[in-house]
>>> print(open('start10.txt').read())   # compact mmCIF, C-alpha atoms
# COMPACT_ATOMS: atom_id res chain seq x y z
CA MET A 1 0.00 0.00 0.00
CA ARG A 2 1.19 3.51 -0.87
CA ILE A 3 -0.04 6.06 1.66
CA LEU A 4 0.15 9.86 1.48
CA ILE A 5 0.03 11.66 4.82
CA THR A 6 -0.44 15.33 5.60
CA ASN A 7 -1.84 17.58 8.36
CA ASP A 8 -2.71 21.18 9.18
CA ASP A 9 -0.49 21.62 12.25
CA GLY A 10 2.67 21.70 10.13
CA ILE A 11 5.43 19.31 9.18
CA ASN A 12 7.12 19.53 12.59
CA ALA A 13 3.95 18.83 14.61
CA PRO A 14 4.10 15.89 17.06
CA GLY A 15 0.75 14.58 15.84
CA LEU A 16 2.31 13.94 12.43
CA VAL A 17 4.80 11.58 14.10
CA THR A 18 1.86 9.58 15.47
CA LEU A 19 0.24 9.55 12.02
CA GLU A 20 3.46 8.29 10.45
CA GLN A 21 3.47 5.37 12.87
CA ILE A 22 -0.15 4.58 12.06
CA ALA A 23 0.56 4.81 8.32
CA HIS A 24 3.60 2.51 8.50
CA ASP A 25 1.53 -0.01 10.46
CA LEU A 26 -1.12 0.04 7.72
CA ALA A 27 1.31 0.06 4.79
CA GLY A 28 3.22 -2.98 6.04
CA PRO A 29 6.89 -3.83 5.44
CA ASP A 30 6.52 -3.70 1.64
CA GLY A 31 4.45 -0.50 1.56
CA GLU A 32 5.43 3.14 1.25
CA VAL A 33 4.55 6.19 3.34
CA TRP A 34 4.97 9.57 1.67
CA CYS A 35 4.61 12.85 3.56
CA VAL A 36 3.66 16.20 2.04
CA ALA A 37 2.77 18.56 4.89
CA PRO A 38 2.52 22.34 5.30
CA ALA A 39 5.77 24.11 6.07
CA PHE A 40 3.89 26.22 8.64
CA GLU A 41 0.76 25.70 10.73
CA GLN A 42 -2.44 25.94 8.70
CA SER A 43 -5.11 25.34 11.35
CA GLY A 44 -8.56 26.64 10.49
CA VAL A 45 -7.98 27.06 6.75
CA GLY A 46 -10.64 24.50 5.80
CA HIS A 47 -10.53 23.32 2.20
CA CYS A 48 -8.81 26.41 0.79
CA ILE A 49 -6.29 26.08 -2.03
CA SER A 50 -3.60 28.53 -3.15
CA TYR A 51 -5.34 29.43 -6.38
CA THR A 52 -3.87 32.91 -6.95
CA HIS A 53 -0.21 32.22 -6.16
CA PRO A 54 2.21 29.28 -6.55
CA THR A 55 3.08 26.85 -3.77
CA MET A 56 6.77 26.34 -3.02
CA ILE A 57 7.68 22.74 -2.18
CA ALA A 58 10.95 21.45 -0.73
CA LYS A 59 12.27 17.94 -0.16
CA MET A 60 13.07 17.45 3.53
CA GLY A 61 14.09 13.78 3.43
CA GLU A 62 13.29 10.44 1.86
CA ARG A 63 9.61 10.57 0.79
CA ARG A 64 9.18 13.71 2.93
CA PHE A 65 8.25 17.14 1.57
CA ALA A 66 7.19 20.51 2.99
CA ALA A 67 4.87 22.76 0.99
CA GLU A 68 4.21 26.44 1.68
CA GLY A 69 0.47 26.03 1.32
CA SER A 70 -2.68 24.60 2.82
CA PRO A 71 -3.39 20.93 3.57
CA ALA A 72 -5.47 20.73 0.38
CA ASP A 73 -2.48 22.18 -1.51
CA CYS A 74 -0.37 19.41 0.00
CA VAL A 75 -2.76 16.75 -1.31
CA LEU A 76 -2.65 18.30 -4.78
CA ALA A 77 1.15 18.41 -4.61
CA GLY A 78 1.34 14.82 -3.44
CA VAL A 79 -1.04 13.39 -6.02
CA HIS A 80 -0.03 15.45 -9.05
CA ASP A 81 3.69 16.03 -8.45
CA VAL A 82 5.44 14.09 -5.70
CA MET A 83 3.66 10.77 -6.39
CA ILE A 84 2.73 11.40 -10.02
CA ASP A 85 4.29 8.12 -11.19
CA ALA A 86 1.95 6.08 -8.96
CA ARG A 87 -0.97 7.65 -7.11
CA PRO A 88 -1.46 6.91 -3.41
CA ASP A 89 -3.88 4.16 -2.42
CA LEU A 90 -4.85 6.05 0.72
CA ILE A 91 -4.63 9.57 2.14
CA LEU A 92 -4.41 10.19 5.89
CA SER A 93 -4.58 13.66 7.45
CA GLY A 94 -3.67 14.48 11.07
CA VAL A 95 -3.33 13.58 13.81
CA ASN A 96 -4.76 16.98 14.67
CA ARG A 97 -4.04 18.46 18.09
CA GLY A 98 -7.59 19.01 19.28
CA ASN A 99 -10.93 17.69 18.10
CA ASN A 100 -12.58 18.20 14.75
CA SER A 101 -15.97 17.03 15.98
CA ALA A 102 -19.22 18.91 15.42
CA GLU A 103 -18.94 22.39 13.91
CA ASN A 104 -15.13 22.30 14.13
CA ALA A 105 -15.21 20.06 11.06
CA LEU A 106 -16.33 23.01 8.94
CA TYR A 107 -13.20 25.02 9.71
CA SER A 108 -10.66 22.21 9.79
CA GLY A 109 -7.66 22.10 7.48
CA THR A 110 -7.27 18.49 8.57
CA LEU A 111 -10.65 17.73 7.00
CA GLY A 112 -9.81 20.00 4.06
CA ALA A 113 -7.07 17.58 3.05
CA ALA A 114 -9.46 14.61 3.31
CA ILE A 115 -12.06 16.47 1.22
CA GLU A 116 -9.50 17.09 -1.49
CA GLY A 117 -8.41 13.46 -1.37
CA ALA A 118 -12.01 12.35 -1.86
CA LEU A 119 -12.43 14.76 -4.77
CA GLN A 120 -9.33 13.17 -6.31
CA GLY A 121 -11.01 9.77 -6.02
CA ILE A 122 -8.74 8.42 -3.27
CA PRO A 123 -9.97 6.93 0.04
CA SER A 124 -9.25 9.65 2.61
CA PHE A 125 -9.38 9.92 6.38
CA ALA A 126 -9.04 12.84 8.81
CA LEU A 127 -7.80 11.88 12.29
CA SER A 128 -8.00 14.19 15.31
CA GLN A 129 -7.18 13.82 19.00
CA PHE A 130 -9.72 15.38 21.37
CA LEU A 131 -8.04 17.07 24.34
CA GLY A 132 -9.42 17.39 27.85
CA PRO A 133 -8.46 17.25 31.53
CA GLN A 134 -7.44 13.57 31.36
CA ASN A 135 -4.94 13.86 28.49
CA TYR A 136 -4.03 17.52 27.99
CA ASN A 137 -0.93 17.54 30.20
CA VAL A 138 0.32 13.96 29.76
CA ASP A 139 3.66 13.21 28.08
CA ASP A 140 1.94 11.98 24.93
CA PRO A 141 -1.49 13.55 24.37
CA PHE A 142 -1.80 11.53 21.11
CA GLU A 143 -1.55 8.19 22.94
CA ALA A 144 -5.15 7.14 22.27
CA ALA A 145 -4.84 7.86 18.55
CA GLY A 146 -1.52 6.06 18.34
CA ALA A 147 -2.79 2.98 20.14
CA HIS A 148 -6.11 2.61 18.30
CA GLY A 149 -5.70 4.43 14.99
CA ALA A 150 -4.44 1.64 12.74
CA GLN A 151 -7.08 -0.84 13.88
CA VAL A 152 -9.93 1.62 13.39
CA LEU A 153 -8.71 2.36 9.86
CA ARG A 154 -8.40 -1.34 9.06
CA SER A 155 -11.94 -1.95 10.27
CA ILE A 156 -13.31 0.77 7.99
CA LEU A 157 -11.23 -0.35 5.00
CA ASP A 158 -12.41 -3.94 5.50
CA THR A 159 -16.07 -2.85 5.48
CA ASP A 160 -18.02 -2.82 2.22
CA VAL A 161 -19.49 0.68 2.38
CA PRO A 162 -21.74 1.79 -0.53
CA ASN A 163 -20.16 4.74 -2.30
CA ALA A 164 -22.15 5.29 -5.49
CA ALA A 165 -22.75 9.05 -5.15
CA ASP A 166 -20.94 11.55 -7.36
CA TYR A 167 -19.12 12.98 -4.34
CA GLY A 168 -16.94 10.30 -2.77
CA LEU A 169 -16.87 9.48 0.91
CA PHE A 170 -14.23 10.65 3.34
CA TYR A 171 -14.10 9.86 7.04
CA ASN A 172 -13.82 12.11 10.07
CA ILE A 173 -12.31 10.16 12.99
CA ASN A 174 -12.00 11.71 16.44
CA PHE A 175 -10.24 10.02 19.35
CA PRO A 176 -11.64 10.75 22.82
CA PRO A 177 -9.92 12.93 25.44
CA VAL A 178 -8.78 9.97 27.54
CA LEU A 179 -5.74 7.72 27.84
CA ALA A 180 -5.52 4.75 25.48
CA LYS A 181 -6.47 2.27 28.21
CA ASP A 182 -9.66 4.20 28.94
CA VAL A 183 -11.03 4.23 25.39
CA GLN A 184 -14.47 2.58 25.54
CA GLY A 185 -14.70 1.49 21.91
CA VAL A 186 -15.85 2.87 18.55
CA ARG A 187 -19.12 4.58 17.66
CA VAL A 188 -20.32 5.40 14.13
CA THR A 189 -21.87 8.84 14.49
CA ALA A 190 -23.42 11.77 12.69
CA GLN A 191 -21.82 15.20 12.85
CA GLY A 192 -23.07 17.10 15.87
CA LEU A 193 -23.49 20.75 16.82
CA ARG A 194 -22.47 22.39 20.08
CA LYS A 195 -25.52 24.60 20.50
CA GLY A 196 -24.97 28.02 21.99
CA THR A 197 -21.23 27.98 21.49
CA GLY A 198 -18.89 28.57 18.58
CA PHE A 199 -16.13 30.83 17.36
CA SER A 200 -16.01 34.51 18.25
CA VAL A 201 -13.34 37.22 18.34
CA GLU A 202 -11.47 38.82 21.22
CA PRO A 203 -10.17 42.36 20.62
CA HIS A 204 -6.74 43.54 21.78
CA THR A 205 -4.84 46.78 21.36
CA SER A 206 -1.13 46.71 20.58
CA PRO A 207 1.40 49.01 22.30
CA SER A 208 1.35 51.15 19.15
CA GLY A 209 -2.41 51.61 19.46
CA ARG A 210 -3.43 49.33 16.62
CA ARG A 211 -6.47 47.14 17.13
CA PHE A 212 -6.25 43.38 16.57
CA LEU A 213 -8.80 40.57 16.81
CA TRP A 214 -7.96 37.04 17.96
CA ALA A 215 -10.30 34.24 16.96
CA ARG A 216 -11.61 32.44 20.02
CA GLY A 217 -13.21 28.99 20.12
CA GLY A 218 -16.14 27.86 22.22
CA ASP A 219 -16.38 25.31 25.03
CA GLN A 220 -14.99 22.06 23.65
CA GLN A 221 -16.25 19.99 26.58
CA GLN A 222 -19.91 20.66 25.72
CA LYS A 223 -21.72 17.56 24.51
CA THR A 224 -23.67 17.37 21.30
CA ALA A 225 -26.86 15.34 20.76
CA GLU A 226 -26.83 11.61 21.42
CA GLY A 227 -25.62 9.64 18.43
CA THR A 228 -23.30 12.41 17.26
CA ASP A 229 -19.53 12.78 17.34
CA ALA A 230 -18.66 15.03 20.29
CA ALA A 231 -21.16 13.24 22.54
CA ALA A 232 -19.46 9.91 21.80
CA ASN A 233 -15.99 11.42 22.29
CA LEU A 234 -16.86 12.87 25.69
CA ASP A 235 -18.21 9.47 26.72
CA GLY A 236 -14.81 7.94 25.90
CA TYR A 237 -15.55 6.56 22.43
CA ILE A 238 -13.75 6.96 19.11
CA SER A 239 -16.19 8.55 16.65
CA VAL A 240 -16.24 7.59 12.98
CA THR A 241 -18.31 9.92 10.80
CA PRO A 242 -18.68 9.22 7.07
CA MET A 243 -18.94 12.48 5.12
CA ARG A 244 -19.31 13.88 1.62
CA ALA A 245 -18.43 17.27 0.16
CA ASP A 246 -21.99 17.67 -1.20
CA LEU A 247 -23.34 20.78 0.57
CA THR A 248 -26.88 20.48 -0.82
CA ALA A 249 -29.66 20.74 1.78
CA HIS A 250 -31.61 17.83 0.28
CA ASP A 251 -34.39 18.16 2.88
CA ALA A 252 -35.18 21.68 1.57
CA LEU A 253 -35.38 20.87 -2.14
CA SER A 254 -39.04 19.81 -2.28
CA ALA A 255 -40.24 22.81 -0.22
CA LEU A 256 -38.53 25.17 -2.67
CA LYS A 257 -40.08 23.61 -5.79
CA GLY A 258 -42.84 26.19 -5.64
CA ILE A 259 -40.50 29.00 -6.71
CA GLU A 260 -39.83 27.33 -10.07
>>> encode(input="start10.txt", output="structure tokens")
Amino acid sequence: MRILITNDDGINAPGLVTLEQIAHDLAGPDGEVWCVAPAFEQSGVGHCISYTHPTMIAKMGERRFAAEGSPADCVLAGVHDVMIDARPDLILSGVNRGNNSAENALYSGTLGAAIEGALQGIPSFALSQFLGPQNYNVDDPFEAAGAHGAQVLRSILDTDVPNAADYGLFYNINFPPVLAKDVQGVRVTAQGLRKGTGFSVEPHTSPSGRRFLWARGGDQQQKTAEGTDAAANLDGYISVTPMRADLTAHDALSALKGIE
């Protein structure tokens, strides 16, 4: 198996080390793991691509490249340049520091890479490690992802999932904010919504008098509805959410037929 890995925390992020271990486990002794990751942190960029300017790419080591662009740029670079002679069989993105459950998924560069992988017709997975009081200050906050990641991916890959829609599937996987030994299992979930919380801005004034705004996230320990991702994570479960890039509100189509 040939696997392309990337992330949005940057090529030097510790979560990428965990993802490399997961990828090597999946690829096996005869497989290959290629890395094309952002040169700098790209958290919160979603599925953006560098459409109006070029992306510089540099070889950092054997099968390891840094690109001055977004995670989606890195997927494009990996598929159409770095691995052009033989496309990857699988794309893995992460392991993100912090969860991409619920509404976080809409902002996530980690998911942006998986979206682009799916649009390229390649099975793609976004992996994120939820943080909380039980794992935030431990030596390895990615322990749960490292211990369970490869097996979860194998289970999904071994499952015959229908995928006949025009927009291909990608998977959003979030590991709970607990130690590996305390993981309760796996739950297949819908995307949730943390009601009453979300991103905002916090204003600050610099010593020179200029005004700046810092983006500020909401309460990450707030549960979502039962059967959805963040609720499962906060109960100690790994959440697996199948997704598509189709943004159509299918439930609203029939109600709007009257305007035709």
>>> closest_residue(input="start10.txt", among="A:Phe65, A:Ala72, A:Ala255, A:Ser50", to="Leu119 (chain A)", atoms="only C-alpha atoms")
A:Ala72
>>> axis_aligned_box(input="start10.txt", around="region 233-236 of chain A", padding_each_side="4 Å", output="lines of an AutoDock Vina configuration file")
center_x = -16.5
center_y = 10.4
center_z = 24.5
size_x = 11.4
size_y = 12.9
size_z = 12.4
>>> residues_around(input="start10.txt", residues="Ala105 (chain A)", least_positions_apart="3", cutoff="10 Å", atoms="only C-alpha atoms", output="PDB file with C-alpha atoms, keeping the file's coordinate frame")
ATOM      1  CA  GLY A  44      -8.560  26.640  10.490  1.00  0.00           C
ATOM      2  CA  GLY A  46     -10.640  24.500   5.800  1.00  0.00           C
ATOM      3  CA  ASN A  99     -10.930  17.690  18.100  1.00  0.00           C
ATOM      4  CA  ASN A 100     -12.580  18.200  14.750  1.00  0.00           C
ATOM      5  CA  SER A 101     -15.970  17.030  15.980  1.00  0.00           C
ATOM      6  CA  ALA A 102     -19.220  18.910  15.420  1.00  0.00           C
ATOM      7  CA  SER A 108     -10.660  22.210   9.790  1.00  0.00           C
ATOM      8  CA  GLY A 109      -7.660  22.100   7.480  1.00  0.00           C
ATOM      9  CA  THR A 110      -7.270  18.490   8.570  1.00  0.00           C
ATOM     10  CA  LEU A 111     -10.650  17.730   7.000  1.00  0.00           C
ATOM     11  CA  GLY A 112      -9.810  20.000   4.060  1.00  0.00           C
ATOM     12  CA  ALA A 126      -9.040  12.840   8.810  1.00  0.00           C
ATOM     13  CA  ASN A 172     -13.820  12.110  10.070  1.00  0.00           C
ATOM     14  CA  GLN A 191     -21.820  15.200  12.850  1.00  0.00           C
ATOM     15  CA  GLY A 192     -23.070  17.100  15.870  1.00  0.00           C
TER      16      GLY A 192
END
>>> residues_around(input="start10.txt", residues="Asn7 (chain A)", least_positions_apart="6", cutoff="8 Å", atoms="only C-alpha atoms", output="tab-separated table (two decimals) with C-alpha atoms, in the coordinates of the input")
chain	number	residue	atom	x	y	z
A	16	LEU	CA	2.31	13.94	12.43
A	37	ALA	CA	2.77	18.56	4.89
A	38	PRO	CA	2.52	22.34	5.30
A	71	PRO	CA	-3.39	20.93	3.57
A	93	SER	CA	-4.58	13.66	7.45
A	94	GLY	CA	-3.67	14.48	11.07
A	95	VAL	CA	-3.33	13.58	13.81
A	96	ASN	CA	-4.76	16.98	14.67
A	109	GLY	CA	-7.66	22.10	7.48
A	110	THR	CA	-7.27	18.49	8.57
A	113	ALA	CA	-7.07	17.58	3.05
>>> atom_distance(input="start10.txt", atom1="CA of Gln151 (chain A)", atom2="CA of Asn135 (chain A)")
20.8 Å
>>> atom_distance(input="start10.txt", atom1="CA of Glu20 (chain A)", atom2="CA of Leu106 (chain A)")
24.7 Å
>>> residues_near_point(input="start10.txt", point="(-15.7, 3.0, 7.1)", cutoff="10 Å", atoms="only C-alpha atoms", output="list in words")
Pro123, Phe125, Val152, Leu153, Arg154, Ser155, Ile156, Leu157, Asp158, Thr159, Asp160, Val161, Pro162, Leu169, Phe170, Tyr171, Asn172, Ile173, Val188, Val240, Thr241 and Pro242 of chain A
>>> residues_around(input="start10.txt", residues="Pro14 (chain A)", least_positions_apart="4", cutoff="12 Å", atoms="all atoms listed in the file", output="list in words")
Asn7, Asp8, Asp9, Gly10, Thr18, Leu19, Glu20, Gln21, Gly94, Val95, Asn96, Arg97, Gln129, Asp139, Asp140, Pro141, Phe142, Glu143 and Gly146 of chain A
>>> write_last_selection(input="start10.txt", atoms="C-alpha atoms", output="PDB file, in the coordinates of the input")
ATOM      1  CA  ASN A   7      -1.840  17.580   8.360  1.00  0.00           C
ATOM      2  CA  ASP A   8      -2.710  21.180   9.180  1.00  0.00           C
ATOM      3  CA  ASP A   9      -0.490  21.620  12.250  1.00  0.00           C
ATOM      4  CA  GLY A  10       2.670  21.700  10.130  1.00  0.00           C
ATOM      5  CA  THR A  18       1.860   9.580  15.470  1.00  0.00           C
ATOM      6  CA  LEU A  19       0.240   9.550  12.020  1.00  0.00           C
ATOM      7  CA  GLU A  20       3.460   8.290  10.450  1.00  0.00           C
ATOM      8  CA  GLN A  21       3.470   5.370  12.870  1.00  0.00           C
ATOM      9  CA  GLY A  94      -3.670  14.480  11.070  1.00  0.00           C
ATOM     10  CA  VAL A  95      -3.330  13.580  13.810  1.00  0.00           C
ATOM     11  CA  ASN A  96      -4.760  16.980  14.670  1.00  0.00           C
ATOM     12  CA  ARG A  97      -4.040  18.460  18.090  1.00  0.00           C
ATOM     13  CA  GLN A 129      -7.180  13.820  19.000  1.00  0.00           C
ATOM     14  CA  ASP A 139       3.660  13.210  28.080  1.00  0.00           C
ATOM     15  CA  ASP A 140       1.940  11.980  24.930  1.00  0.00           C
ATOM     16  CA  PRO A 141      -1.490  13.550  24.370  1.00  0.00           C
ATOM     17  CA  PHE A 142      -1.800  11.530  21.110  1.00  0.00           C
ATOM     18  CA  GLU A 143      -1.550   8.190  22.940  1.00  0.00           C
ATOM     19  CA  GLY A 146      -1.520   6.060  18.340  1.00  0.00           C
TER      20      GLY A 146
END
>>> closest_residue(input="start10.txt", among="A:Val183, A:Val138, A:Ile57, A:Ala118", to="Ala165 (chain A)", atoms="only C-alpha atoms")
A:Ala118
>>> residues_around(input="start10.txt", residues="Arg63 (chain A)", least_positions_apart="2", cutoff="9 Å", atoms="all atoms listed in the file", output="PyMOL selection string")
chain A and resi 32-36+59-61+65+82
